[in-house]
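Reading through the structure tokens given below for one structure.
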There are 2 protein chains.
Amino acid sequence: MQKTPQLERGKIIDVAADLFAQKSYAGTSVRDISHALNVSIATIYYYFKNKEDLLFTIIESCGNDLLLGLNQACEESPDALQQLNCMLIRHISLTQEKKNELKLFVEEHDHLSKGFKNIIFKQHRKIYDTYVEKLKELQKLNVIEEESIPIVAFAIFGMVNWCYRWYREENKLSIEEVAQKLTNIIFYGILNTEARSQTASFLSPAGEK
Amino acid sequence: MQKTPQLERGKIIDVAADLFAQKSYAGTSVRDISHALNVSIATIYYYFKNKEDLLFTIIESCGNDLLLGLNQACEESPDALQQLNCMLIRHISLTQEKKNELKLFVEEHDHLSKGFKNIIFKQHRKIYDTYVEKLKELQKLNVIEEESIPIVAFAIFGMVNWCYRWYREENKLSIEEVAQKLTNIIFYGILNTEARSQTASFLSPAGEK
């Protein structure tokens, strides 16, 4: 590998993220990473204290990218609902752009020791708070009526964080198109106008209590 | 452990599911399971060929329970939308009743060897098909208009399969109440009637194209 230190470090991170995502963190050794890069184990240890340090670097960077993306999305419009729309599109697009990293962010943080884990949990909390604040703002503006904002936030996280499991680039729809469709489901639900009014009697729609 | 073989086997499954869910499959040994049960390792091997056999037994049984639950839900009403409602309530309730098992069903099937994995993938496919068939039926009945049924199915799976990560029994809402709220989000979305009609111009609602 003939690269500047910054490029070499970045390449190690990319390859490690790929291997951790494919073979799981527990199933990947530093030796596997060095083999895949065709460098010595010492090269890896020059940049990272150990395997956990590598995992933490990947996960923390993914959390930072996500938080930055959500904040940038809020600047794209003065309208709070448009902001939530942009947040969702950005978040879902990231599940494709940073597929490996997001998988580790969601699934592998349990392997981190307490200090590292606390930093990641703070990121999780910040992401949760970013959504909850936007949803509360929309509630104040009388755009959504559902009183259980945390349940709405968890519904969003579930839907969004499932994407890297099923979306493939070779799908007919681009990730942006998928993102808009998922956002529409969150905003408008799947029932059409007629079914919506007809079923209000036997179910208790979130927005029509 | 003074139990009948059936009870003893069931107890091993429960404890293994608990340990696999808490410490991950890779992080749990057969010795850990025997210690937690206060039995010899030979007792575990009397019932199960190896650790993988145990994991497969837990995951397959969870998949069967889920498929049975979804089929039973369809028998609770002659109305297709009520059937989907019942399927979602049943599915979400199972994420609490079989919390450990569902976590393994979702997260740990990668540890299974090819033959076992194929059996589990067939279950995943059956569950997916059960939802897709119901959604297509609703589309034919002109209850939902969204043309991308697979995206709706994946939106549902994401929302539902996220529940075991955040729902705790000590929450103010019962799992059945949470299930109805999540189902309402899927059916009706989070926007109220006014916001829904006002925003139809800048977004393209799923049901109003």
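Labels used: A, B, ... for chains in the order of the structure tokens, numbers from 1 for residues in each chain, and numbers from 1 for ligands as shown.
Close contacts of stretch 30-47 of chain A, defined as residues with an atom at most 8 Å away when counting only C-alpha atoms, with chain neighbours fewer than 6 positions off set aside, comprise A:Met1, A:Arg9, A:Ile12, A:Val15, A:Ala16, A:Leu19.
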Residue selection dump (C-alpha atoms) as an mmCIF file, in the first residue's frame:
data_model
loop_
_atom_site.group_PDB
_atom_site.id
_atom_site.type_symbol
_atom_site.label_atom_id
_atom_site.label_comp_id
_atom_site.auth_asym_id
_atom_site.auth_seq_id
_atom_site.Cartn_x
_atom_site.Cartn_y
_atom_site.Cartn_z
ATOM 1 C CA MET A 1 0.000 0.000 0.000
ATOM 2 C CA ARG A 9 -5.832 4.949 7.696
ATOM 3 C CA ILE A 12 -8.018 0.318 6.821
ATOM 4 C CA VAL A 15 -11.849 -2.634 4.674
ATOM 5 C CA ALA A 16 -12.493 -3.273 8.386
ATOM 6 C CA LEU A 19 -15.271 -7.303 6.870
#
Since chain B and chain A share a sequence, can you fit the second onto the first over all C-alpha atoms in order and output it as an mmCIF file with C-alpha atoms, in the first residue's frame?
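Contents of out.cif, freshly written:
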data_model
loop_
_atom_site.group_PDB
_atom_site.id
_atom_site.type_symbol
_atom_site.label_atom_id
_atom_site.label_comp_id
_atom_site.auth_asym_id
_atom_site.auth_seq_id
_atom_site.Cartn_x
_atom_site.Cartn_y
_atom_site.Cartn_z
ATOM 1 C CA MET A 1 -32.863 -30.417 37.542
ATOM 2 C CA GLN A 2 -35.562 -32.972 38.416
ATOM 3 C CA LYS A 3 -37.781 -32.776 35.369
ATOM 4 C CA THR A 4 -39.347 -34.881 32.643
ATOM 5 C CA PRO A 5 -37.232 -34.973 29.453
ATOM 6 C CA GLN A 6 -39.679 -32.627 27.675
ATOM 7 C CA LEU A 7 -39.547 -30.087 30.514
ATOM 8 C CA GLU A 8 -35.761 -30.374 30.759
ATOM 9 C CA ARG A 9 -35.377 -29.838 27.002
ATOM 10 C CA GLY A 10 -37.684 -26.806 27.176
ATOM 11 C CA LYS A 11 -35.726 -25.338 30.075
ATOM 12 C CA ILE A 12 -32.451 -25.697 28.136
ATOM 13 C CA ILE A 13 -34.042 -23.885 25.169
ATOM 14 C CA ASP A 14 -35.307 -21.036 27.380
ATOM 15 C CA VAL A 15 -31.986 -20.523 29.143
ATOM 16 C CA ALA A 16 -29.999 -20.766 25.889
ATOM 17 C CA ALA A 17 -32.313 -18.225 24.216
ATOM 18 C CA ASP A 18 -31.841 -15.908 27.169
ATOM 19 C CA LEU A 19 -28.036 -16.200 27.133
ATOM 20 C CA PHE A 20 -27.746 -15.952 23.315
ATOM 21 C CA ALA A 21 -29.942 -12.828 23.395
ATOM 22 C CA GLN A 22 -27.983 -11.200 26.250
ATOM 23 C CA LYS A 23 -24.404 -12.178 25.376
ATOM 24 C CA SER A 24 -24.805 -12.971 21.638
ATOM 25 C CA TYR A 25 -24.548 -16.453 20.128
ATOM 26 C CA ALA A 26 -20.799 -16.114 19.483
ATOM 27 C CA GLY A 27 -20.230 -14.941 23.071
ATOM 28 C CA THR A 28 -22.066 -17.868 24.714
ATOM 29 C CA SER A 29 -20.587 -21.357 25.146
ATOM 30 C CA VAL A 30 -22.377 -24.648 25.869
ATOM 31 C CA ARG A 31 -20.519 -24.509 29.185
ATOM 32 C CA ASP A 32 -22.177 -21.145 29.980
ATOM 33 C CA ILE A 33 -25.572 -22.738 29.338
ATOM 34 C CA SER A 34 -24.808 -25.764 31.509
ATOM 35 C CA HIS A 35 -23.565 -23.487 34.328
ATOM 36 C CA ALA A 36 -26.687 -21.340 34.182
ATOM 37 C CA LEU A 37 -28.858 -24.470 34.413
ATOM 38 C CA ASN A 38 -26.625 -26.169 36.959
ATOM 39 C CA VAL A 39 -26.462 -29.354 34.866
ATOM 40 C CA SER A 40 -23.572 -31.176 33.198
ATOM 41 C CA ILE A 41 -22.518 -30.391 29.637
ATOM 42 C CA ALA A 42 -23.462 -34.001 28.825
ATOM 43 C CA THR A 43 -27.085 -33.179 29.699
ATOM 44 C CA ILE A 44 -27.119 -30.463 27.025
ATOM 45 C CA TYR A 45 -25.569 -32.842 24.468
ATOM 46 C CA TYR A 46 -28.179 -35.474 25.332
ATOM 47 C CA TYR A 47 -30.852 -33.196 23.851
ATOM 48 C CA PHE A 48 -28.904 -31.191 21.240
ATOM 49 C CA LYS A 49 -26.155 -32.157 18.803
ATOM 50 C CA ASN A 50 -24.262 -28.919 19.377
ATOM 51 C CA LYS A 51 -24.667 -25.192 20.041
ATOM 52 C CA GLU A 52 -25.787 -24.570 16.464
ATOM 53 C CA ASP A 53 -28.527 -27.203 16.809
ATOM 54 C CA LEU A 54 -29.792 -25.278 19.839
ATOM 55 C CA LEU A 55 -29.772 -21.949 17.986
ATOM 56 C CA PHE A 56 -31.577 -23.506 15.023
ATOM 57 C CA THR A 57 -34.222 -25.063 17.295
ATOM 58 C CA ILE A 58 -34.905 -21.681 18.918
ATOM 59 C CA ILE A 59 -35.038 -19.727 15.645
ATOM 60 C CA GLU A 60 -37.139 -22.292 13.758
ATOM 61 C CA SER A 61 -39.643 -22.532 16.592
ATOM 62 C CA CYS A 62 -39.936 -18.724 16.682
ATOM 63 C CA GLY A 63 -40.573 -18.632 12.916
ATOM 64 C CA ASN A 64 -43.258 -21.307 13.262
ATOM 65 C CA ASP A 65 -44.944 -19.411 16.121
ATOM 66 C CA LEU A 66 -44.938 -16.237 14.048
ATOM 67 C CA LEU A 67 -46.370 -17.941 10.950
ATOM 68 C CA LEU A 68 -49.039 -19.654 13.064
ATOM 69 C CA GLY A 69 -49.905 -16.329 14.721
ATOM 70 C CA LEU A 70 -50.240 -14.555 11.369
ATOM 71 C CA ASN A 71 -52.469 -17.315 9.980
ATOM 72 C CA GLN A 72 -54.651 -17.328 13.105
ATOM 73 C CA ALA A 73 -54.950 -13.530 12.879
ATOM 74 C CA CYS A 74 -56.391 -13.901 9.382
ATOM 75 C CA GLU A 75 -59.168 -16.067 10.787
ATOM 76 C CA GLU A 76 -60.293 -13.447 13.289
ATOM 77 C CA SER A 77 -62.312 -11.424 10.764
ATOM 78 C CA PRO A 78 -63.770 -11.825 7.264
ATOM 79 C CA ASP A 79 -62.563 -8.288 6.421
ATOM 80 C CA ALA A 80 -59.136 -8.105 4.749
ATOM 81 C CA LEU A 81 -58.140 -4.831 6.403
ATOM 82 C CA GLN A 82 -59.187 -6.112 9.819
ATOM 83 C CA GLN A 83 -57.103 -9.206 9.046
ATOM 84 C CA LEU A 84 -54.031 -7.037 8.368
ATOM 85 C CA ASN A 85 -54.793 -5.145 11.577
ATOM 86 C CA CYS A 86 -54.911 -8.444 13.523
ATOM 87 C CA MET A 87 -51.716 -9.682 11.833
ATOM 88 C CA LEU A 88 -49.853 -6.558 12.924
ATOM 89 C CA ILE A 89 -51.189 -6.677 16.487
ATOM 90 C CA ARG A 90 -50.262 -10.373 16.764
ATOM 91 C CA HIS A 91 -46.807 -9.849 15.259
ATOM 92 C CA ILE A 92 -45.988 -6.887 17.519
ATOM 93 C CA SER A 93 -47.320 -8.694 20.610
ATOM 94 C CA LEU A 94 -45.013 -11.615 19.786
ATOM 95 C CA THR A 95 -42.016 -9.254 19.851
ATOM 96 C CA GLN A 96 -42.717 -8.998 23.569
ATOM 97 C CA GLU A 97 -43.894 -12.562 24.354
ATOM 98 C CA LYS A 98 -40.945 -14.124 22.480
ATOM 99 C CA LYS A 99 -38.518 -11.245 22.854
ATOM 100 C CA ASN A 100 -35.309 -13.302 23.074
ATOM 101 C CA GLU A 101 -36.355 -15.717 20.348
ATOM 102 C CA LEU A 102 -37.367 -12.940 17.949
ATOM 103 C CA LYS A 103 -34.064 -11.149 18.519
ATOM 104 C CA LEU A 104 -32.240 -14.351 17.498
ATOM 105 C CA PHE A 105 -34.653 -14.900 14.569
ATOM 106 C CA VAL A 106 -33.811 -11.398 13.288
ATOM 107 C CA GLU A 107 -30.145 -11.002 14.232
ATOM 108 C CA GLU A 108 -28.381 -14.341 14.645
ATOM 109 C CA HIS A 109 -29.409 -16.574 11.718
ATOM 110 C CA ASP A 110 -26.116 -15.738 9.990
ATOM 111 C CA HIS A 111 -24.400 -18.132 12.406
ATOM 112 C CA LEU A 112 -26.303 -21.105 10.992
ATOM 113 C CA SER A 113 -24.758 -23.346 8.364
ATOM 114 C CA LYS A 114 -26.231 -23.510 4.868
ATOM 115 C CA GLY A 115 -28.843 -26.242 5.368
ATOM 116 C CA PHE A 116 -30.270 -24.679 8.533
ATOM 117 C CA LYS A 117 -30.067 -21.188 7.036
ATOM 118 C CA ASN A 118 -32.088 -22.257 4.002
ATOM 119 C CA ILE A 119 -34.889 -23.538 6.245
ATOM 120 C CA ILE A 120 -34.984 -20.208 8.121
ATOM 121 C CA PHE A 121 -34.846 -18.195 4.881
ATOM 122 C CA LYS A 122 -37.880 -20.173 3.672
ATOM 123 C CA GLN A 123 -39.704 -19.102 6.860
ATOM 124 C CA HIS A 124 -38.672 -15.468 6.269
ATOM 125 C CA ARG A 125 -40.025 -15.782 2.730
ATOM 126 C CA LYS A 126 -43.316 -17.283 3.934
ATOM 127 C CA ILE A 127 -43.789 -14.425 6.416
ATOM 128 C CA TYR A 128 -42.997 -11.886 3.697
ATOM 129 C CA ASP A 129 -45.411 -13.621 1.288
ATOM 130 C CA THR A 130 -48.180 -13.678 3.915
ATOM 131 C CA TYR A 131 -47.980 -9.888 4.222
ATOM 132 C CA VAL A 132 -47.540 -9.271 0.491
ATOM 133 C CA GLU A 133 -50.592 -11.412 -0.357
ATOM 134 C CA LYS A 134 -52.736 -9.546 2.175
ATOM 135 C CA LEU A 135 -51.492 -6.180 0.871
ATOM 136 C CA LYS A 136 -52.208 -7.224 -2.745
ATOM 137 C CA GLU A 137 -55.706 -8.315 -1.707
ATOM 138 C CA LEU A 138 -56.246 -4.854 -0.182
ATOM 139 C CA GLN A 139 -54.914 -3.249 -3.336
ATOM 140 C CA LYS A 140 -57.450 -5.206 -5.440
ATOM 141 C CA LEU A 141 -60.193 -4.101 -3.053
ATOM 142 C CA ASN A 142 -59.058 -0.506 -3.675
ATOM 143 C CA VAL A 143 -58.205 0.041 -0.025
ATOM 144 C CA ILE A 144 -54.541 0.901 -0.632
ATOM 145 C CA GLU A 145 -53.173 2.499 -3.786
ATOM 146 C CA GLU A 146 -49.435 2.421 -3.259
ATOM 147 C CA GLU A 147 -48.032 0.384 -6.126
ATOM 148 C CA SER A 148 -44.837 -0.688 -4.358
ATOM 149 C CA ILE A 149 -46.221 -3.429 -2.137
ATOM 150 C CA PRO A 150 -42.729 -4.781 -1.263
ATOM 151 C CA ILE A 151 -41.757 -1.361 0.116
ATOM 152 C CA VAL A 152 -44.888 -1.355 2.287
ATOM 153 C CA ALA A 153 -44.003 -4.866 3.502
ATOM 154 C CA PHE A 154 -40.437 -3.816 4.370
ATOM 155 C CA ALA A 155 -41.733 -0.687 6.106
ATOM 156 C CA ILE A 156 -43.927 -2.955 8.247
ATOM 157 C CA PHE A 157 -41.085 -5.379 9.017
ATOM 158 C CA GLY A 158 -38.776 -2.546 10.048
ATOM 159 C CA MET A 159 -41.315 -0.986 12.359
ATOM 160 C CA VAL A 160 -42.366 -4.316 13.898
ATOM 161 C CA ASN A 161 -38.915 -5.857 14.248
ATOM 162 C CA TRP A 162 -37.580 -2.779 16.011
ATOM 163 C CA CYS A 163 -40.005 -3.197 18.925
ATOM 164 C CA TYR A 164 -37.986 -5.689 20.949
ATOM 165 C CA ARG A 165 -35.168 -3.139 21.010
ATOM 166 C CA TRP A 166 -37.108 -0.409 22.760
ATOM 167 C CA TYR A 167 -40.324 -1.735 24.310
ATOM 168 C CA ARG A 168 -40.061 -2.496 28.020
ATOM 169 C CA GLU A 169 -42.851 -4.005 30.115
ATOM 170 C CA GLU A 170 -42.548 -1.173 32.603
ATOM 171 C CA ASN A 171 -43.585 1.305 29.866
ATOM 172 C CA LYS A 172 -46.832 3.155 30.483
ATOM 173 C CA LEU A 173 -48.486 1.520 27.486
ATOM 174 C CA SER A 174 -49.150 -2.215 27.196
ATOM 175 C CA ILE A 175 -47.653 -3.974 24.168
ATOM 176 C CA GLU A 176 -51.187 -4.270 22.724
ATOM 177 C CA GLU A 177 -51.653 -0.498 22.971
ATOM 178 C CA VAL A 178 -48.273 0.090 21.341
ATOM 179 C CA ALA A 179 -49.219 -2.427 18.629
ATOM 180 C CA GLN A 180 -52.446 -0.540 17.833
ATOM 181 C CA LYS A 181 -50.627 2.786 17.720
ATOM 182 C CA LEU A 182 -47.980 1.422 15.335
ATOM 183 C CA THR A 183 -50.702 -0.149 13.185
ATOM 184 C CA ASN A 184 -52.478 3.207 13.040
ATOM 185 C CA ILE A 185 -49.255 4.873 11.862
ATOM 186 C CA ILE A 186 -48.972 2.274 9.060
ATOM 187 C CA PHE A 187 -52.655 2.666 8.111
ATOM 188 C CA TYR A 188 -53.204 6.405 8.571
ATOM 189 C CA GLY A 189 -49.782 8.060 8.867
ATOM 190 C CA ILE A 190 -48.922 10.724 11.426
ATOM 191 C CA LEU A 191 -50.361 13.829 9.711
ATOM 192 C CA ASN A 192 -53.812 15.005 10.710
ATOM 193 C CA THR A 193 -56.534 15.617 8.130
ATOM 194 C CA GLU A 194 -55.808 19.298 7.669
ATOM 195 C CA ALA A 195 -52.044 18.907 7.274
ATOM 196 C CA ARG A 196 -52.683 15.999 4.943
ATOM 197 C CA SER A 197 -54.668 18.062 2.470
ATOM 198 C CA GLN A 198 -52.431 21.125 2.781
ATOM 199 C CA THR A 199 -49.219 19.244 2.023
ATOM 200 C CA ALA A 200 -50.508 17.218 -0.909
ATOM 201 C CA SER A 201 -49.002 19.915 -3.128
ATOM 202 C CA PHE A 202 -45.388 19.728 -2.040
ATOM 203 C CA LEU A 203 -45.154 16.022 -1.329
ATOM 204 C CA SER A 204 -46.684 13.157 -3.253
ATOM 205 C CA PRO A 205 -48.775 11.210 -0.745
ATOM 206 C CA ALA A 206 -48.796 7.465 -1.236
ATOM 207 C CA GLY A 207 -52.564 7.314 -1.534
ATOM 208 C CA GLU A 208 -53.245 10.429 -3.565
ATOM 209 C CA LYS A 209 -51.311 10.120 -6.773
#
- Query: stretch 58-155 of chain A: which residues are helix (DSSP H, G or I) by DSSP, as a PyMOL selection string?
  - Reply: chain A and resi 58-74+80-97+99-107+109-111+114-140+149-155
